[in-house]
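Shown next: run17.cif, containing mmCIF, C-alpha atoms and all ligand atoms.
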```
data_coords
#
loop_
_atom_site.label_atom_id
_atom_site.label_comp_id
_atom_site.auth_asym_id
_atom_site.auth_seq_id
_atom_site.Cartn_x
_atom_site.Cartn_y
_atom_site.Cartn_z
CA MET A 99 3.93 81.46 -101.36
CA VAL A 100 5.54 79.21 -103.92
CA SER A 101 6.10 76.52 -101.34
CA GLU A 102 2.38 76.23 -100.61
CA VAL A 103 1.65 75.65 -104.28
CA LEU A 104 4.34 72.99 -104.33
CA ASP A 105 2.93 71.51 -101.14
CA ASP A 106 -0.52 71.29 -102.69
CA ALA A 107 0.92 69.46 -105.66
CA VAL A 108 2.76 67.05 -103.39
CA ALA A 109 -0.34 66.48 -101.29
CA ASP A 110 -2.32 65.68 -104.44
CA ARG A 111 0.31 63.19 -105.51
CA ILE A 112 0.28 61.55 -102.08
CA MET A 113 -3.51 61.31 -102.17
CA ALA A 114 -3.28 59.72 -105.63
CA VAL A 115 -0.92 57.10 -104.20
CA LEU A 116 -3.26 56.41 -101.28
CA ALA A 117 -6.20 56.00 -103.66
CA THR A 118 -4.46 52.86 -104.95
CA VAL A 119 -4.22 51.22 -101.49
CA PRO A 120 -7.05 48.69 -101.14
CA ASP A 121 -8.87 47.99 -97.89
CA PRO A 122 -7.55 44.59 -96.75
CA GLU A 123 -11.02 43.20 -95.98
CA ILE A 124 -12.91 44.75 -98.91
CA PRO A 125 -10.28 45.08 -101.64
CA ALA A 126 -12.81 46.56 -104.08
CA VAL A 127 -12.54 49.89 -102.26
CA SER A 128 -9.49 51.94 -101.38
CA VAL A 129 -8.60 53.47 -98.04
CA THR A 130 -9.49 56.89 -99.47
CA ASP A 131 -12.91 55.62 -100.69
CA LEU A 132 -13.67 54.53 -97.12
CA GLY A 133 -12.68 57.84 -95.60
CA ILE A 134 -9.91 56.26 -93.54
CA VAL A 135 -7.41 58.84 -94.82
CA ARG A 136 -8.20 62.05 -93.01
CA GLY A 137 -5.67 64.33 -94.61
CA VAL A 138 -2.19 65.05 -95.81
CA ARG A 139 -0.01 67.68 -94.23
CA CYS A 140 3.26 68.73 -95.79
CA ASP A 141 5.26 70.39 -93.02
CA PRO A 142 6.37 68.01 -91.64
CA PRO A 143 5.02 65.60 -94.26
CA VAL A 144 2.47 63.33 -92.61
CA VAL A 145 -0.61 61.34 -93.60
CA THR A 146 -3.38 61.18 -91.01
CA ILE A 147 -5.50 58.01 -90.84
CA THR A 148 -8.24 56.85 -88.49
CA PRO A 149 -9.41 53.33 -87.56
CA THR A 150 -12.91 52.22 -88.56
CA TYR A 151 -13.55 50.01 -85.52
CA THR A 152 -11.48 50.00 -82.33
CA GLY A 153 -10.80 46.28 -82.49
CA CYS A 154 -10.62 45.95 -86.26
CA PRO A 155 -7.65 43.72 -87.07
CA ALA A 156 -7.38 45.44 -90.46
CA THR A 157 -6.13 48.64 -88.83
CA LEU A 158 -2.52 47.50 -88.57
CA VAL A 159 -2.62 45.99 -92.06
CA ILE A 160 -3.91 49.28 -93.43
CA GLU A 161 -1.09 51.20 -91.80
CA ALA A 162 1.47 48.75 -93.21
CA SER A 163 -0.09 48.94 -96.70
CA VAL A 164 -0.10 52.74 -96.62
CA ARG A 165 3.54 52.69 -95.51
CA ALA A 166 4.50 50.32 -98.33
CA ALA A 167 2.63 52.35 -100.97
CA LEU A 168 4.25 55.60 -99.84
CA ASP A 169 7.73 54.03 -99.82
CA GLU A 170 7.15 52.52 -103.24
CA ALA A 171 6.14 55.92 -104.66
CA GLY A 172 9.19 57.67 -103.24
CA PHE A 173 7.50 59.17 -100.20
CA ALA A 174 9.60 57.38 -97.61
CA ASP A 175 9.92 60.61 -95.59
CA VAL A 176 6.15 60.97 -95.19
CA GLY A 177 5.02 59.88 -91.73
CA ILE A 178 1.75 58.22 -90.75
CA LYS A 179 -0.26 59.44 -87.81
CA THR A 180 -3.28 57.61 -86.42
CA VAL A 181 -5.99 59.69 -84.76
CA LEU A 182 -9.21 58.64 -83.01
CA SER A 183 -10.95 61.95 -83.12
CA PRO A 184 -13.27 62.81 -84.70
CA PRO A 185 -14.41 59.16 -84.74
CA TRP A 186 -14.79 57.54 -88.15
CA THR A 187 -18.30 57.35 -89.54
CA THR A 188 -19.76 55.63 -92.59
CA ASP A 189 -20.84 59.10 -93.73
CA TRP A 190 -17.22 59.56 -94.81
CA ILE A 191 -17.46 56.83 -97.43
CA SER A 192 -17.31 58.61 -100.79
CA ASP A 193 -20.03 58.35 -103.45
CA GLU A 194 -17.56 56.49 -105.61
CA GLY A 195 -16.82 54.17 -102.70
CA ARG A 196 -20.54 53.47 -102.24
CA GLU A 197 -20.87 52.52 -105.90
CA LYS A 198 -17.84 50.24 -105.68
CA LEU A 199 -19.32 48.54 -102.60
CA ARG A 200 -22.63 47.96 -104.39
CA ALA A 201 -20.89 46.55 -107.46
CA TYR A 202 -18.91 44.26 -105.15
CA GLY A 203 -22.16 42.91 -103.63
CA ILE A 204 -22.21 44.88 -100.39
CA ALA A 205 -25.14 47.20 -99.70
CA PRO A 206 -23.64 50.58 -98.81
CA PRO A 207 -24.86 52.38 -95.69
CA PRO A 208 -27.45 55.12 -96.26
CA LYS A 209 -25.91 58.56 -96.21
CA GLY A 210 -26.36 60.62 -93.08
CA ALA A 211 -27.13 57.49 -91.05
CA GLY A 212 -23.80 57.46 -89.26
CA SER A 213 -25.20 58.57 -85.96
CA ARG A 214 -28.16 56.19 -86.00
CA SER A 215 -28.21 52.56 -85.11
CA LEU A 216 -29.24 49.85 -87.53
CA ARG A 217 -32.47 49.18 -85.68
CA ALA A 218 -33.99 52.44 -86.83
CA ASP A 219 -32.94 51.83 -90.41
CA SER A 220 -35.03 51.35 -93.48
CA PRO A 221 -34.57 48.04 -95.34
CA ALA A 222 -31.34 47.63 -97.25
CA GLU A 223 -31.47 47.58 -101.04
CA CYS A 224 -30.39 44.23 -102.44
CA PRO A 225 -27.09 44.87 -104.27
CA ARG A 226 -27.98 42.16 -106.82
CA CYS A 227 -31.56 42.87 -107.89
CA GLY A 228 -32.25 46.24 -106.28
CA SER A 229 -35.23 44.97 -104.30
CA LEU A 230 -36.12 46.63 -101.00
CA HIS A 231 -37.89 43.45 -99.94
CA THR A 232 -34.99 42.43 -97.69
CA GLN A 233 -34.43 41.21 -94.17
CA GLU A 234 -31.66 41.40 -91.56
CA VAL A 235 -30.31 37.96 -90.68
CA SER A 236 -27.64 39.03 -88.22
CA ARG A 237 -26.59 42.44 -87.03
CA PHE A 238 -23.01 41.22 -86.85
CA GLY A 239 -21.43 39.75 -89.97
CA SER A 240 -18.16 38.44 -91.32
CA THR A 241 -16.18 41.54 -90.32
CA PRO A 242 -16.83 44.27 -87.72
CA CYS A 243 -18.14 46.65 -90.39
CA LYS A 244 -20.76 44.36 -91.94
CA ALA A 245 -24.18 42.96 -91.07
CA LEU A 246 -25.73 39.93 -92.73
CA TRP A 247 -28.93 40.40 -94.78
CA ARG A 248 -30.95 38.42 -97.28
CA CYS A 249 -33.08 39.38 -100.24
CA LEU A 250 -36.63 37.98 -100.15
CA ASP A 251 -37.04 38.44 -103.91
CA CYS A 252 -33.92 36.99 -105.48
CA GLN A 253 -33.25 34.89 -102.34
CA GLU A 254 -29.58 35.82 -102.25
CA PRO A 255 -27.80 36.58 -98.98
CA PHE A 256 -25.70 39.74 -98.94
CA ASP A 257 -23.53 41.85 -96.67
CA ARG A 258 -24.60 45.27 -95.62
CA PHE A 259 -22.13 47.89 -94.50
CA LYS A 260 -23.24 48.76 -90.96
CA CYS A 261 -24.24 52.34 -90.24
CA HIS A 262 -21.65 53.68 -87.89
CA MET B 74 -5.57 39.82 -77.82
CA ALA B 75 -5.74 41.41 -81.26
CA PRO B 76 -2.70 43.35 -82.41
CA SER B 77 -2.58 46.53 -80.39
CA LEU B 78 -3.70 49.69 -82.08
CA PRO B 79 -1.25 52.55 -82.44
CA THR B 80 -1.08 54.71 -79.36
CA ILE B 81 -3.34 57.70 -79.45
CA GLN B 82 -2.14 61.25 -79.51
CA PRO B 83 0.25 62.02 -76.70
CA GLY B 84 -0.89 64.59 -74.22
CA ASP B 85 -0.20 65.56 -70.68
CA VAL B 86 -3.19 65.03 -68.46
CA ALA B 87 -2.13 67.62 -65.95
CA ASN B 88 -1.93 70.25 -68.66
CA ALA B 89 -5.24 69.18 -70.16
CA GLU B 90 -6.86 69.42 -66.75
CA LYS B 91 -5.43 72.86 -66.22
CA ALA B 92 -6.44 74.06 -69.64
CA ARG B 93 -10.00 72.88 -69.25
CA ALA B 94 -10.51 73.73 -65.63
CA GLY B 95 -8.94 77.16 -65.84
CA GLY B 96 -5.70 76.20 -64.16
CA SER B 97 -7.26 75.38 -60.83
CA PHE B 98 -4.99 72.44 -60.02
CA ASP B 99 -1.72 72.66 -58.20
CA ALA B 100 1.18 70.33 -58.80
CA GLY B 101 0.34 68.21 -55.77
CA GLU B 102 -3.13 67.46 -57.06
CA ALA B 103 -1.79 66.66 -60.51
CA VAL B 104 0.57 64.07 -59.01
CA GLU B 105 -2.25 62.57 -56.97
CA HIS B 106 -4.44 62.35 -60.09
CA HIS B 107 -1.61 60.70 -61.97
CA GLY B 108 -1.78 57.55 -59.83
CA ALA B 109 -5.57 57.65 -59.68
CA LEU B 110 -5.78 58.05 -63.43
CA PHE B 111 -3.61 54.99 -64.00
CA ASP B 112 -5.89 52.97 -61.75
CA TYR B 113 -9.03 54.31 -63.41
CA LEU B 114 -7.73 53.43 -66.88
CA LEU B 115 -6.96 49.92 -65.67
CA ARG B 116 -10.55 49.59 -64.44
CA LEU B 117 -11.94 50.73 -67.78
CA GLY B 118 -9.50 48.63 -69.79
CA ASP B 119 -9.70 45.49 -67.65
CA ASP B 120 -13.52 45.41 -67.77
CA SER B 121 -13.32 45.35 -71.56
CA LEU B 122 -10.35 43.00 -71.75
CA ILE B 123 -11.75 40.33 -69.44
CA LEU B 124 -15.24 40.35 -70.92
CA GLY B 125 -13.75 40.33 -74.44
CA GLN B 126 -11.66 37.29 -73.51
CA ARG B 127 -14.70 35.56 -72.01
CA LEU B 128 -16.70 36.12 -75.21
CA THR B 129 -13.98 34.60 -77.35
CA GLU B 130 -14.65 31.32 -75.52
CA TRP B 131 -17.93 31.15 -77.43
CA CYS B 132 -16.15 31.19 -80.78
CA GLY B 133 -17.25 28.03 -82.57
CA HIS B 134 -19.62 27.01 -79.75
CA ALA B 135 -22.55 29.42 -79.98
CA PRO B 136 -26.06 28.04 -80.63
CA ALA B 137 -26.16 29.41 -84.20
CA LEU B 138 -23.70 30.84 -86.71
CA GLU B 139 -25.19 34.33 -86.48
CA ILE B 140 -24.85 34.49 -82.71
CA ASP B 141 -21.35 33.03 -82.96
CA LEU B 142 -20.40 35.93 -85.24
CA SER B 143 -22.11 38.42 -82.97
CA LEU B 144 -20.37 37.30 -79.79
CA ALA B 145 -17.00 37.16 -81.55
CA ASN B 146 -17.52 40.65 -82.95
CA ILE B 147 -18.51 42.06 -79.59
CA GLY B 148 -15.45 40.40 -78.07
CA LEU B 149 -13.28 41.99 -80.73
CA ASP B 150 -14.74 45.44 -80.08
CA LEU B 151 -14.14 45.02 -76.35
CA ILE B 152 -10.54 43.92 -76.89
CA GLY B 153 -10.09 46.97 -79.13
CA GLN B 154 -11.34 49.20 -76.30
CA ALA B 155 -9.03 47.43 -73.87
CA SER B 156 -6.09 48.04 -76.17
CA LEU B 157 -6.78 51.78 -76.27
CA PHE B 158 -7.37 52.15 -72.52
CA LEU B 159 -4.41 49.99 -71.51
CA ASN B 160 -2.02 51.67 -73.93
CA LEU B 161 -3.08 54.97 -72.43
CA ALA B 162 -2.67 53.55 -68.92
CA GLY B 163 0.89 52.55 -69.78
CA GLU B 164 1.57 56.00 -71.16
CA VAL B 165 0.20 57.64 -68.02
CA GLU B 166 2.21 55.30 -65.80
CA GLY B 167 5.38 56.22 -67.68
CA LYS B 168 7.32 53.07 -66.89
CA GLY B 169 7.57 51.75 -70.40
CA ARG B 170 4.66 49.29 -70.18
CA ASP B 171 2.30 49.24 -73.14
CA GLY B 172 -1.16 47.71 -73.48
CA ASP B 173 0.14 44.24 -74.30
CA ARG B 174 2.53 44.31 -71.35
CA LEU B 175 -0.32 45.28 -69.02
CA ALA B 176 -2.67 42.67 -70.46
CA PHE B 177 -0.31 39.71 -70.55
CA HIS B 178 2.27 40.30 -67.85
CA ARG B 179 0.18 41.41 -64.89
CA ASP B 180 -0.86 39.02 -62.14
CA VAL B 181 -4.40 38.49 -60.99
CA LEU B 182 -4.20 40.74 -57.92
CA ALA B 183 -3.27 43.70 -60.12
CA PHE B 184 -6.40 43.41 -62.27
CA ARG B 185 -9.08 46.04 -61.63
CA ASN B 186 -12.09 44.67 -63.51
CA CYS B 187 -15.46 44.30 -61.83
CA LEU B 188 -16.49 40.80 -60.77
CA LEU B 189 -19.33 40.59 -63.30
CA VAL B 190 -17.06 40.34 -66.34
CA GLU B 191 -14.84 37.55 -64.98
CA GLN B 192 -17.72 35.15 -64.30
CA PRO B 193 -17.80 32.06 -66.50
CA ASN B 194 -20.08 32.14 -69.51
CA GLY B 195 -22.57 29.59 -68.19
CA ASP B 196 -25.26 28.79 -70.74
CA PHE B 197 -26.20 31.13 -73.57
CA ALA B 198 -28.87 32.89 -71.49
CA GLN B 199 -26.35 33.60 -68.74
CA THR B 200 -23.93 35.06 -71.26
CA ILE B 201 -26.72 37.26 -72.60
CA ALA B 202 -27.72 38.34 -69.08
CA ARG B 203 -24.13 39.36 -68.32
CA GLN B 204 -23.79 41.18 -71.64
CA PHE B 205 -27.09 42.98 -71.19
CA LEU B 206 -26.20 44.25 -67.72
CA PHE B 207 -22.66 45.21 -68.70
CA SER B 208 -23.37 46.86 -72.06
CA THR B 209 -26.31 48.82 -70.63
CA MET B 210 -23.99 50.19 -67.95
CA GLN B 211 -21.10 50.75 -70.37
CA LEU B 212 -23.26 52.60 -72.87
CA SER B 213 -24.30 55.21 -70.31
CA LEU B 214 -20.76 55.39 -68.91
CA PHE B 215 -19.17 56.03 -72.31
CA GLU B 216 -21.87 58.50 -73.31
CA ARG B 217 -20.86 60.54 -70.28
CA LEU B 218 -17.11 59.98 -70.70
CA THR B 219 -17.24 61.63 -74.13
CA GLY B 220 -17.31 64.82 -72.06
CA SER B 221 -14.26 63.90 -69.96
CA SER B 222 -11.83 66.75 -69.34
CA ASP B 223 -9.07 64.35 -70.34
CA HIS B 224 -9.35 64.55 -74.13
CA ARG B 225 -7.70 61.15 -74.57
CA ILE B 226 -10.42 59.43 -72.54
CA ALA B 227 -13.09 61.49 -74.29
CA GLU B 228 -11.76 60.39 -77.70
CA ILE B 229 -11.71 56.69 -76.80
CA ALA B 230 -15.23 56.94 -75.36
CA ALA B 231 -16.54 58.74 -78.48
CA LYS B 232 -15.01 56.06 -80.67
CA ALA B 233 -16.25 53.11 -78.61
CA VAL B 234 -19.74 54.34 -77.74
CA LYS B 235 -20.91 53.75 -81.31
CA GLU B 236 -19.92 50.11 -81.03
CA VAL B 237 -21.34 49.64 -77.54
CA ARG B 238 -24.73 50.81 -78.81
CA TYR B 239 -24.79 47.70 -81.01
CA HIS B 240 -23.79 45.48 -78.10
CA ALA B 241 -26.54 46.83 -75.85
CA GLU B 242 -29.14 46.43 -78.61
CA LEU B 243 -28.15 42.89 -79.42
CA ALA B 244 -28.17 41.83 -75.77
CA SER B 245 -31.53 43.44 -74.98
CA ASP B 246 -33.07 41.90 -78.12
CA TRP B 247 -32.00 38.48 -76.88
CA VAL B 248 -33.24 39.11 -73.33
CA VAL B 249 -36.67 39.75 -74.83
CA ARG B 250 -36.46 36.82 -77.23
CA LEU B 251 -35.43 34.34 -74.55
CA GLY B 252 -37.57 35.81 -71.77
CA ASP B 253 -40.70 35.92 -73.89
CA GLY B 254 -39.86 32.66 -75.65
CA THR B 255 -40.35 29.04 -74.65
CA GLU B 256 -40.75 27.76 -71.13
CA GLU B 257 -37.17 26.59 -71.13
CA SER B 258 -35.64 29.74 -72.63
CA ARG B 259 -37.59 31.80 -70.08
CA ARG B 260 -36.41 29.68 -67.17
CA ARG B 261 -32.80 30.00 -68.31
CA MET B 262 -33.09 33.77 -68.80
CA VAL B 263 -34.59 34.20 -65.32
CA ASP B 264 -31.79 32.08 -63.84
CA GLY B 265 -29.16 34.05 -65.74
CA LEU B 266 -30.42 37.42 -64.55
CA ASP B 267 -30.82 36.15 -60.99
CA TRP B 268 -27.26 34.92 -60.94
CA PHE B 269 -25.67 38.07 -62.37
CA TRP B 270 -27.80 40.51 -60.41
CA ARG B 271 -25.49 40.11 -57.39
CA PHE B 272 -22.68 41.71 -59.43
CA VAL B 273 -24.64 44.78 -60.57
CA ASP B 274 -24.08 47.07 -57.56
CA GLU B 275 -20.32 46.90 -57.94
CA MET B 276 -20.54 48.44 -61.42
CA PHE B 277 -22.02 51.60 -59.88
CA GLN B 278 -19.77 51.91 -56.86
CA SER B 279 -17.28 54.68 -56.53
CA ASP B 280 -14.32 55.18 -54.24
CA GLU B 281 -11.86 57.94 -53.39
CA ILE B 282 -9.88 57.26 -56.57
CA GLU B 283 -12.87 57.83 -58.83
CA GLN B 284 -14.28 60.65 -56.73
CA SER B 285 -11.09 62.69 -57.02
CA LEU B 286 -11.07 62.14 -60.78
CA THR B 287 -14.75 63.01 -60.98
CA ARG B 288 -14.11 66.29 -59.20
CA ALA B 289 -11.44 67.03 -61.82
CA GLY B 290 -13.97 66.31 -64.58
CA ILE B 291 -11.96 63.31 -65.80
CA ALA B 292 -14.17 60.48 -64.53
CA VAL B 293 -17.92 60.08 -64.14
CA ASP B 294 -19.74 59.50 -60.88
CA ARG B 295 -20.94 55.94 -61.43
CA ALA B 296 -23.76 56.36 -58.92
CA GLU B 297 -25.33 58.92 -61.26
CA LEU B 298 -25.63 56.26 -63.96
CA ARG B 299 -27.74 53.95 -61.82
CA GLN B 300 -31.11 55.59 -62.36
CA GLY B 301 -30.86 55.42 -66.15
CA PHE B 302 -29.62 51.84 -65.92
CA ASP B 303 -32.55 50.80 -63.74
CA ALA B 304 -34.98 52.46 -66.14
CA THR B 305 -33.53 50.72 -69.21
CA VAL B 306 -33.35 47.36 -67.48
CA GLY B 307 -36.92 47.80 -66.27
CA ASN B 308 -38.18 48.55 -69.78
CA VAL B 309 -36.41 45.62 -71.38
CA LEU B 310 -37.53 43.18 -68.68
CA ARG B 311 -41.09 44.38 -69.08
CA ASP B 312 -40.88 43.71 -72.83
CA ALA B 313 -39.44 40.31 -71.99
CA THR B 314 -42.29 39.67 -69.49
CA LEU B 315 -39.63 38.97 -66.87
CA PRO B 316 -39.63 39.87 -63.17
CA LEU B 317 -37.00 42.27 -61.86
CA PRO B 318 -34.36 40.17 -60.11
CA GLU B 319 -33.66 40.67 -56.46
CA TYR B 320 -30.57 39.80 -54.59
CA PRO B 321 -30.09 40.86 -51.02
CA ARG B 322 -26.33 41.09 -50.88
CA ALA B 323 -24.06 42.44 -53.60
CA LEU B 324 -20.61 40.98 -54.18
CA THR B 325 -17.78 43.46 -54.65
CA GLY B 326 -13.99 43.70 -54.54
CA GLY B 327 -12.82 43.54 -58.15
CA ARG B 328 -11.83 47.21 -58.27
CA ILE B 329 -9.23 46.65 -55.55
CA GLY B 330 -7.99 43.33 -56.86
CA HIS B 331 -10.13 40.96 -54.77
CA HIS B 332 -11.21 38.54 -57.47
CA GLY B 333 -12.83 35.13 -57.51
CA GLU B 334 -10.93 32.04 -58.56
CA HIS B 335 -12.30 32.25 -62.10
CA LEU B 336 -10.13 35.20 -63.10
CA GLY B 337 -6.95 33.27 -62.39
CA HIS B 338 -8.03 30.48 -64.73
CA LEU B 339 -8.98 32.97 -67.43
CA LEU B 340 -5.60 34.72 -67.17
CA ALA B 341 -3.76 31.40 -67.28
CA THR B 342 -5.33 30.73 -70.67
CA MET B 343 -5.00 34.28 -71.97
CA GLN B 344 -1.44 34.92 -70.78
CA TYR B 345 0.08 31.51 -71.41
CA LEU B 346 1.55 32.17 -74.85
CA PRO B 347 3.20 35.58 -74.31
CA ARG B 348 4.56 34.46 -70.94
CA THR B 349 5.96 31.19 -72.24
CA TYR B 350 7.34 32.72 -75.44
CA PRO B 351 8.00 36.36 -74.52
CA ASP B 352 9.80 36.98 -77.80
CA ALA B 353 7.01 35.69 -80.01
CA VAL B 354 5.76 38.17 -82.58
CA TRP B 355 2.74 38.30 -84.86
ZN ZN A 401 -32.22 40.58 -104.53
#
```
Output the file's structure as structure tokens, nothing else.
Amino acid sequence: MVSEVLDDAVADRIMAVLATVPDPEIPAVSVTDLGIVRGVRCDPPVVTITPTYTGCPATLVIEASVRAALDEAGFADVGIKTVLSPPWTTDWISDEGREKLRAYGIAPPPKGAGSRSLRADSPAECPRCGSLHTQEVSRFGSTPCKALWRCLDCQEPFDRFKCH
Amino acid sequence: MAPSLPTIQPGDVANAEKARAGGSFDAGEAVEHHGALFDYLLRLGDDSLILGQRLTEWCGHAPALEIDLSLANIGLDLIGQASLFLNLAGEVEGKGRDGDRLAFHRDVLAFRNCLLVEQPNGDFAQTIARQFLFSTMQLSLFERLTGSSDHRIAEIAAKAVKEVRYHAELASDWVVRLGDGTEESRRRMVDGLDWFWRFVDEMFQSDEIEQSLTRAGIAVDRAELRQGFDATVGNVLRDATLPLPEYPRALTGGRIGHHGEHLGHLLATMQYLPRTYPDAVW
């Protein structure tokens, strides 16, 4: 089963390439951090990705960026397949991705909250001062994936990644 | 319309039906479902497309920035749904039309949306009334469609239902806020619900097309959604201290292409660019 070993190595290299592709709307995180990349298959070589929101305009940009990164790294023969199922959830955002979001000023979604709506949520933690004394301003924010919050301690507004 | 999403996984509905229903369909039935399925997907897609287009009219005009963002985001979600349903419709039809072709190069009589979604926005309370009634219906519809025997419909429903939950929450929050608000906001909310109530029955009507698909496990019997809808609406209106609207005679016809004059005007705006410059690209 030499080929499988080789395939694993190739898949790892492809994943390493994808880890350098930033999300077009939140460039601090990569498409792998967000859980948009669902897997790499080697026979035939194909990368599987899934959209975050059905109407998210970033979806096509993401596909184009992934294509460009693969071509650049010599993986021009690797296809891209978009799947809807299982539907993307914020639970797929990696721990590293959550930290990057926080550092970027966006409160990451609580883990395991993917199936709940925001209404039932506990207050978001202010990404600037860490306070839980925060308030939702608008359930819909600057992009489909974000809600608008404000911190009642440091007074700063901030984005919160919506539970999804 | 936003750039169309990639088409979802190809699959043959007749085979999916057979696989899931134990091969109980003959070829004749599969052919019959083929046409019905195309029509059903247009109904699902056109509801989302037309309401999404209506909501974009609020962009830059809403009473506050937050609500402007909300309505634009809901519109975007709906247009995303439309893209998925209409791309699938084109695939099922098999004549080379994709979602964009169906959205921008179809005439008004070929649209299958319900009358509710094509109505003008009116004031903010009317827009909220329409959204509340529609999203409450759509939430229960998509929850049930996640179990469709057509896996492609089930996948779209599972994807979209998470977004629709937000829409329904936002709209019901505003119904309460306006209904239980000032004298003026209450009057406008009552007027909005009264006006749109005449379009509610149509959302729960079924016909032979949907009944045949429901028997095949593909569609959902809309009449079965009514009880849950009435319960939710009743709860929200009670929180909003609002009376339940009454309207003696429902208006219908959208599902068979009998639309009001408003849809033609909406399409003229929406379709102008791709029809005038058919070669234009993003
Ligand atoms: Zn703070």
| said: With 10 Å as the limit and counting all atoms listed in the file, what residues in chain B lie close to chain A? Please list them as a ChimeraX atom specification. | reply: /B:74-82,138-157,224-225,227-233,235-236,238-240,242-243
| Which residues form the shell of 6 Å around ligand ZN 401 (chain A) when you count all atoms listed in the file, given as a PyMOL selection string? | chain A and resi 224+226-229+249+251-252+254
Within 8 Å of range 108-118 of chain A, counting all atoms listed in the file, which residues show up once you throw out same-chain ones fewer than 2 positions away? Write them as an mmCIF file with C-alpha atoms, in the frame of the given file, please.
```
data_model
loop_
_atom_site.group_PDB
_atom_site.id
_atom_site.type_symbol
_atom_site.label_atom_id
_atom_site.label_comp_id
_atom_site.auth_asym_id
_atom_site.auth_seq_id
_atom_site.Cartn_x
_atom_site.Cartn_y
_atom_site.Cartn_z
ATOM 1 C CA LEU A 104 4.340 72.990 -104.330
ATOM 2 C CA ASP A 105 2.930 71.510 -101.140
ATOM 3 C CA ASP A 106 -0.520 71.290 -102.690
ATOM 4 C CA PRO A 120 -7.050 48.690 -101.140
ATOM 5 C CA SER A 128 -9.490 51.940 -101.380
ATOM 6 C CA VAL A 129 -8.600 53.470 -98.040
ATOM 7 C CA THR A 130 -9.490 56.890 -99.470
ATOM 8 C CA ASP A 131 -12.910 55.620 -100.690
ATOM 9 C CA VAL A 138 -2.190 65.050 -95.810
ATOM 10 C CA ARG A 139 -0.010 67.680 -94.230
ATOM 11 C CA CYS A 140 3.260 68.730 -95.790
ATOM 12 C CA VAL A 164 -0.100 52.740 -96.620
ATOM 13 C CA ALA A 167 2.630 52.350 -100.970
ATOM 14 C CA LEU A 168 4.250 55.600 -99.840
ATOM 15 C CA ALA A 171 6.140 55.920 -104.660
ATOM 16 C CA PHE A 173 7.500 59.170 -100.200
#
```
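You will find CA of Gln199 in chain B at 15.0 Å from CA of Ala241 in chain B.
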| How far is it from CA of Phe256 in chain A to CA of Ala201 in chain A, in Å with one decimal? | 11.9 Å
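Across the model, the gap from CA of Asp112 in chain B to CA of Asn186 in chain B is 10.5 Å.
Of the listed residues (B:Gln278, B:Thr349, B:Ser258, B:Ser208), B:Ser208 comes nearest to Phe302 in chain B; the distances count all atoms listed in the file.
For the set B:Ile282, B:Val248, B:Ala183, B:Met276, the residue with the smallest atom-to-atom gap to Ala202 in chain B is B:Val248, counting all atoms listed in the file.
Of the listed residues (A:Leu199, A:Gln253, A:Pro207, A:Ala222), A:Leu199 comes nearest to Ile124 in chain A; the distances count all atoms listed in the file.
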| task | Would you kindly return, as a list in words, each protein, DNA or RNA residue with an atom no farther than 7 Å from any atom of range 196-198 of chain B, considering only C-alpha atoms and excluding same-chain residues fewer than 5 positions away? | result | Arg261, Met262 and Gly265 of chain B
Restricted to C-alpha atoms, what would the selected residues look like written as a PDB file, keeping the file's coordinate frame?
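Dumped everything to result-v2.pdb:
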```pdb
ATOM      1  CA  ARG B 261     -32.800  30.000 -68.310  1.00  0.00           C
ATOM      2  CA  MET B 262     -33.090  33.770 -68.800  1.00  0.00           C
ATOM      3  CA  GLY B 265     -29.160  34.050 -65.740  1.00  0.00           C
TER       4      GLY B 265
END
```
| message | I want to know what sits within 6 Å of range 288-300 of chain B, based on only C-alpha atoms, with residues of the same chain fewer than 4 positions away left out; could you give that as a ChimeraX atom specification? | response | /B:221-223,277
| said: Residues proximal to (-24.0, 47.9, -101.1) were defined as those with any atom within 7 Å of that point in the file's coordinates, counting only C-alpha atoms. Which are they, as a PyMOL selection string? | reply: chain A and resi 196+199-200+203-206+225+258-259
